[in-house]
file data_36.pdb (PDB, C-alpha atoms)
ATOM      1  CA  GLN U   7      18.850-165.516 -27.093
ATOM      2  CA  VAL U   8      21.748-167.607 -28.340
ATOM      3  CA  GLN U   9      21.013-169.679 -31.416
ATOM      4  CA  PHE U  10      23.165-171.855 -33.651
ATOM      5  CA  VAL U  11      21.872-172.952 -37.066
ATOM      6  CA  GLU U  12      23.860-175.609 -38.878
ATOM      7  CA  SER U  13      23.748-176.220 -42.634
ATOM      8  CA  GLY U  14      25.646-177.826 -45.462
ATOM      9  CA  GLY U  15      25.131-181.494 -44.759
ATOM     10  CA  GLY U  16      24.205-184.055 -47.363
ATOM     11  CA  SER U  17      24.800-187.509 -48.777
ATOM     12  CA  VAL U  18      28.180-188.153 -50.363
ATOM     13  CA  GLN U  19      30.359-191.047 -51.378
ATOM     14  CA  PRO U  20      33.532-192.045 -49.539
ATOM     15  CA  GLY U  21      36.429-189.792 -50.425
ATOM     16  CA  GLU U  22      34.280-186.775 -51.229
ATOM     17  CA  SER U  23      34.133-183.465 -49.367
ATOM     18  CA  LEU U  24      31.533-181.314 -47.635
ATOM     19  CA  ARG U  25      31.642-177.917 -46.006
ATOM     20  CA  LEU U  26      29.404-177.309 -43.028
ATOM     21  CA  SER U  27      28.421-173.889 -41.747
ATOM     22  CA  CYS U  28      27.041-172.692 -38.450
ATOM     23  CA  ALA U  29      25.324-169.315 -38.243
ATOM     24  CA  ALA U  30      25.412-167.850 -34.747
ATOM     25  CA  SER U  31      23.121-165.236 -33.276
ATOM     26  CA  GLY U  32      22.866-163.774 -29.803
ATOM     27  CA  ILE U  33      26.551-164.388 -29.191
ATOM     28  CA  ASN U  34      29.824-163.233 -30.716
ATOM     29  CA  ILE U  35      31.709-166.427 -31.523
ATOM     30  CA  ARG U  36      35.060-164.661 -31.876
ATOM     31  CA  PHE U  37      35.118-164.168 -28.110
ATOM     32  CA  ASN U  38      34.368-167.783 -27.325
ATOM     33  CA  VAL U  39      35.933-171.184 -27.763
ATOM     34  CA  MET U  40      33.773-172.916 -30.355
ATOM     35  CA  GLY U  41      33.419-176.529 -31.319
ATOM     36  CA  TRP U  42      31.920-178.848 -33.885
ATOM     37  CA  TYR U  43      30.344-181.975 -32.487
ATOM     38  CA  ARG U  44      28.740-185.025 -34.055
ATOM     39  CA  GLN U  45      26.420-187.800 -33.004
ATOM     40  CA  ALA U  46      26.252-191.040 -34.923
ATOM     41  CA  PRO U  47      23.264-193.388 -34.608
ATOM     42  CA  GLY U  48      23.368-195.250 -31.321
ATOM     43  CA  LYS U  49      26.419-193.358 -30.076
ATOM     44  CA  GLN U  50      27.086-190.474 -27.737
ATOM     45  CA  ARG U  51      27.742-187.021 -29.087
ATOM     46  CA  GLU U  52      31.459-186.401 -29.511
ATOM     47  CA  LEU U  53      33.665-183.364 -29.963
ATOM     48  CA  VAL U  54      35.221-183.236 -33.419
ATOM     49  CA  ALA U  55      37.066-179.921 -33.620
ATOM     50  CA  THR U  56      37.597-176.737 -31.637
ATOM     51  CA  ILE U  57      38.840-173.242 -32.321
ATOM     52  CA  THR U  58      39.958-170.832 -29.617
ATOM     53  CA  ARG U  59      39.549-167.078 -29.436
ATOM     54  CA  ALA U  60      43.104-166.771 -30.720
ATOM     55  CA  GLY U  61      42.348-169.054 -33.653
ATOM     56  CA  SER U  62      44.170-172.147 -32.439
ATOM     57  CA  THR U  63      42.548-175.361 -33.590
ATOM     58  CA  ASN U  64      42.368-178.878 -32.244
ATOM     59  CA  TYR U  65      40.888-182.062 -33.682
ATOM     60  CA  ALA U  66      39.781-185.504 -32.643
ATOM     61  CA  ASP U  67      42.277-188.143 -33.761
ATOM     62  CA  SER U  68      39.648-189.686 -36.034
ATOM     63  CA  VAL U  69      39.407-186.552 -38.203
ATOM     64  CA  LYS U  70      42.876-185.044 -37.874
ATOM     65  CA  GLY U  71      44.292-184.118 -41.266
ATOM     66  CA  ARG U  72      40.906-184.431 -42.964
ATOM     67  CA  PHE U  73      38.681-181.874 -41.201
ATOM     68  CA  PHE U  74      39.434-178.180 -40.784
ATOM     69  CA  ILE U  75      37.553-175.753 -38.552
ATOM     70  CA  SER U  76      37.474-172.042 -39.301
ATOM     71  CA  ARG U  77      35.654-168.933 -38.217
ATOM     72  CA  ASP U  78      34.371-165.911 -40.137
ATOM     73  CA  ASN U  79      34.292-163.107 -37.593
ATOM     74  CA  ALA U  80      32.562-160.650 -39.911
ATOM     75  CA  LYS U  81      29.704-163.043 -40.568
ATOM     76  CA  ASN U  82      29.741-164.568 -37.093
ATOM     77  CA  MET U  83      29.861-168.029 -38.650
ATOM     78  CA  LEU U  84      31.746-171.212 -37.917
ATOM     79  CA  ASP U  85      32.707-173.604 -40.706
ATOM     80  CA  LEU U  86      33.927-177.173 -40.920
ATOM     81  CA  GLN U  87      35.636-178.322 -44.093
ATOM     82  CA  MET U  88      35.466-182.093 -44.299
ATOM     83  CA  ASN U  89      37.666-183.892 -46.812
ATOM     84  CA  SER U  90      38.248-187.554 -47.604
ATOM     85  CA  LEU U  91      35.007-188.480 -45.928
ATOM     86  CA  LYS U  92      34.551-191.998 -44.609
ATOM     87  CA  PRO U  93      31.415-193.996 -43.814
ATOM     88  CA  GLU U  94      32.264-193.680 -40.124
ATOM     89  CA  ASP U  95      31.875-189.904 -40.453
ATOM     90  CA  THR U  96      28.138-190.422 -40.907
ATOM     91  CA  ALA U  97      26.408-188.469 -38.143
ATOM     92  CA  VAL U  98      24.421-185.385 -37.304
ATOM     93  CA  TYR U  99      26.833-182.484 -36.896
ATOM     94  CA  TYR U 100      26.316-179.621 -34.446
ATOM     95  CA  CYS U 101      28.148-176.500 -33.378
ATOM     96  CA  ASN U 102      28.242-175.175 -29.825
ATOM     97  CA  LEU U 103      30.506-173.541 -27.348
ATOM     98  CA  ASN U 104      33.309-175.582 -25.859
ATOM     99  CA  PRO U 105      32.593-176.697 -23.211
ATOM    100  CA  GLN U 106      29.141-177.336 -24.601
ATOM    101  CA  VAL U 107      26.090-175.561 -23.264
ATOM    102  CA  GLY U 108      23.083-177.828 -23.318
ATOM    103  CA  VAL U 109      20.442-175.242 -24.088
ATOM    104  CA  TYR U 110      22.370-174.008 -27.114
ATOM    105  CA  TRP U 111      22.078-177.206 -29.172
ATOM    106  CA  GLY U 112      20.507-176.600 -32.572
ATOM    107  CA  GLN U 113      18.911-179.030 -34.992
ATOM    108  CA  GLY U 114      22.209-180.067 -36.504
ATOM    109  CA  THR U 115      22.895-181.061 -40.086
ATOM    110  CA  GLN U 116      22.956-184.653 -41.313
ATOM    111  CA  VAL U 117      26.042-186.000 -43.052
ATOM    112  CA  THR U 118      25.768-189.399 -44.681
ATOM    113  CA  VAL U 119      28.771-191.074 -46.297
ATOM    114  CA  SER U 120      27.915-194.170 -48.254
ATOM    115  CA  SER U 121      28.786-195.883 -51.492
TER     116      SER U 121
END

call {"tool": "encode", "arguments": {"input": "data_36.pdb", "output": "C-alpha cells"}}
result
Amino acid sequence: QVQFVESGGGSVQPGESLRLSCAASGINIRFNVMGWYRQAPGKQRELVATITRAGSTNYADSVKGRFFISRDNAKNMLDLQMNSLKPEDTAVYYCNLNPQVGVYWGQGTQVTVSS
C-alpha cells in the first residue's frame, strides 16, 4: 500500500534552516503531482509547496523565496529545503499527493521555530 514517511524536523531558532524528507513506498512519486503540507496548532492543514511530474514548482505566498521543494526520482523521495525559518513556520509537516488523498497521510514531522 501507499505510505509516506516524513523526517528531518526539529527545533531551530529564527533564521535557521532545515531540510525535510519524505520517503515514499507503494507509489512512484515521479508520475504524480506531490505536495508538502503543514498544520499549525489550532489551524487547518495547508498546502505549502507542490512539484509536478515535469518538475514545475509552486509555493504558498508565505514561504515563497524561502522554501524549495525537490524530488529524487532514484530514491523515490521528496524533499523540502526550508531557509530563513520564522516562528510562524512552526507546524507538523506532511507530504502527500496533490490533491491530497486522505488515507495517505503519514505521521508528519514536527518543526518548531523559536528563540

call {"tool": "atom_distance", "arguments": {"input": "data_36.pdb", "atom1": "CA of Arg25 in chain U", "atom2": "CA of Thr58 in chain U"}}
result
19.7 Å

call {"tool": "resolve_selection", "arguments": {"input": "data_36.pdb", "expression": "the PyMOL selection byres ((chain U and resi 61) around 12)", "output": "PyMOL selection string"}}
result
chain U and resi 35-41+56-60+62-64+74-79+84

call {"tool": "write_last_selection", "arguments": {"input": "data_36.pdb", "atoms": "C-alpha atoms", "output": "compact mmCIF listing (two decimals), keeping the file's coordinate frame"}}
result
# COMPACT_ATOMS: atom_id res chain seq x y z
CA ILE U 35 31.71 -166.43 -31.52
CA ARG U 36 35.06 -164.66 -31.88
CA PHE U 37 35.12 -164.17 -28.11
CA ASN U 38 34.37 -167.78 -27.32
CA VAL U 39 35.93 -171.18 -27.76
CA MET U 40 33.77 -172.92 -30.36
CA GLY U 41 33.42 -176.53 -31.32
CA THR U 56 37.60 -176.74 -31.64
CA ILE U 57 38.84 -173.24 -32.32
CA THR U 58 39.96 -170.83 -29.62
CA ARG U 59 39.55 -167.08 -29.44
CA ALA U 60 43.10 -166.77 -30.72
CA SER U 62 44.17 -172.15 -32.44
CA THR U 63 42.55 -175.36 -33.59
CA ASN U 64 42.37 -178.88 -32.24
CA PHE U 74 39.43 -178.18 -40.78
CA ILE U 75 37.55 -175.75 -38.55
CA SER U 76 37.47 -172.04 -39.30
CA ARG U 77 35.65 -168.93 -38.22
CA ASP U 78 34.37 -165.91 -40.14
CA ASN U 79 34.29 -163.11 -37.59
CA LEU U 84 31.75 -171.21 -37.92

call {"tool": "closest_residue", "arguments": {"input": "data_36.pdb", "among": "U:Thr118, U:Ser90, U:Gln106, U:Ser27", "to": "Gly14 in chain U", "atoms": "all atoms listed in the file"}}
result
U:Ser27

call {"tool": "residues_near_point", "arguments": {"input": "data_36.pdb", "point": "(24.3, -168.0, -37.5)", "cutoff": "10 Å", "atoms": "only C-alpha atoms", "output": "compact mmCIF listing (two decimals) with C-alpha atoms, in the frame of the given file"}}
result
# COMPACT_ATOMS: atom_id res chain seq x y z
CA VAL U 8 21.75 -167.61 -28.34
CA GLN U 9 21.01 -169.68 -31.42
CA PHE U 10 23.16 -171.86 -33.65
CA VAL U 11 21.87 -172.95 -37.07
CA GLU U 12 23.86 -175.61 -38.88
CA SER U 13 23.75 -176.22 -42.63
CA SER U 27 28.42 -173.89 -41.75
CA CYS U 28 27.04 -172.69 -38.45
CA ALA U 29 25.32 -169.32 -38.24
CA ALA U 30 25.41 -167.85 -34.75
CA SER U 31 23.12 -165.24 -33.28
CA GLY U 32 22.87 -163.77 -29.80
CA ILE U 33 26.55 -164.39 -29.19
CA ASN U 34 29.82 -163.23 -30.72
CA ILE U 35 31.71 -166.43 -31.52
CA LYS U 81 29.70 -163.04 -40.57
CA ASN U 82 29.74 -164.57 -37.09
CA MET U 83 29.86 -168.03 -38.65
CA LEU U 84 31.75 -171.21 -37.92

call {"tool": "residues_around", "arguments": {"input": "data_36.pdb", "residues": "Val54 in chain U", "least_positions_apart": "2", "cutoff": "7 Å", "atoms": "only C-alpha atoms", "output": "list in words"}}
result
Trp42, Tyr43, Arg44, Glu52, Tyr65 and Ala66 of chain U

call {"tool": "resolve_selection", "arguments": {"input": "data_36.pdb", "expression": "the PyMOL selection byres ((chain U and resi 19) around 9)", "output": "list in words"}}
result
Ser17, Val18, Pro20, Gly21, Glu22, Ser23, Leu91, Lys92, Pro93, Thr118, Val119, Ser120 and Ser121 of chain U

call {"tool": "resolve_selection", "arguments": {"input": "data_36.pdb", "expression": "the PyMOL selection byres ((chain U and resi 48-50) around 12)", "output": "PyMOL selection string"}}
result
chain U and resi 43-47+51-53+94+96-98

call {"tool": "atom_distance", "arguments": {"input": "data_36.pdb", "atom1": "CA of Arg72 in chain U", "atom2": "CA of Cys101 in chain U"}}
result
17.8 Å

call {"tool": "atom_distance", "arguments": {"input": "data_36.pdb", "atom1": "CA of Asp67 in chain U", "atom2": "CA of Gly112 in chain U"}}
result
24.7 Å

call {"tool": "closest_residue", "arguments": {"input": "data_36.pdb", "among": "U:Met88, U:Gly108, U:Phe73, U:Ser68", "to": "Gly15 in chain U", "atoms": "only C-alpha atoms"}}
result
U:Met88

call {"tool": "axis_aligned_box", "arguments": {"input": "data_36.pdb", "around": "range 77-96 of chain U", "padding_each_side": "8 Å", "output": "lines of an AutoDock Vina configuration file"}}
result
center_x = 33.2
center_y = -177.3
center_z = -42.3
size_x = 26.1
size_y = 49.3
size_z = 26.5

call {"tool": "closest_residue", "arguments": {"input": "data_36.pdb", "among": "U:Gly114, U:Leu24, U:Lys70, U:Asn104", "to": "Asn89 in chain U", "atoms": "only C-alpha atoms"}}
result
U:Leu24

call {"tool": "closest_residue", "arguments": {"input": "data_36.pdb", "among": "U:Thr115, U:Val109, U:Asp95, U:Asp85", "to": "Val69 in chain U", "atoms": "all atoms listed in the file"}}
result
U:Asp95
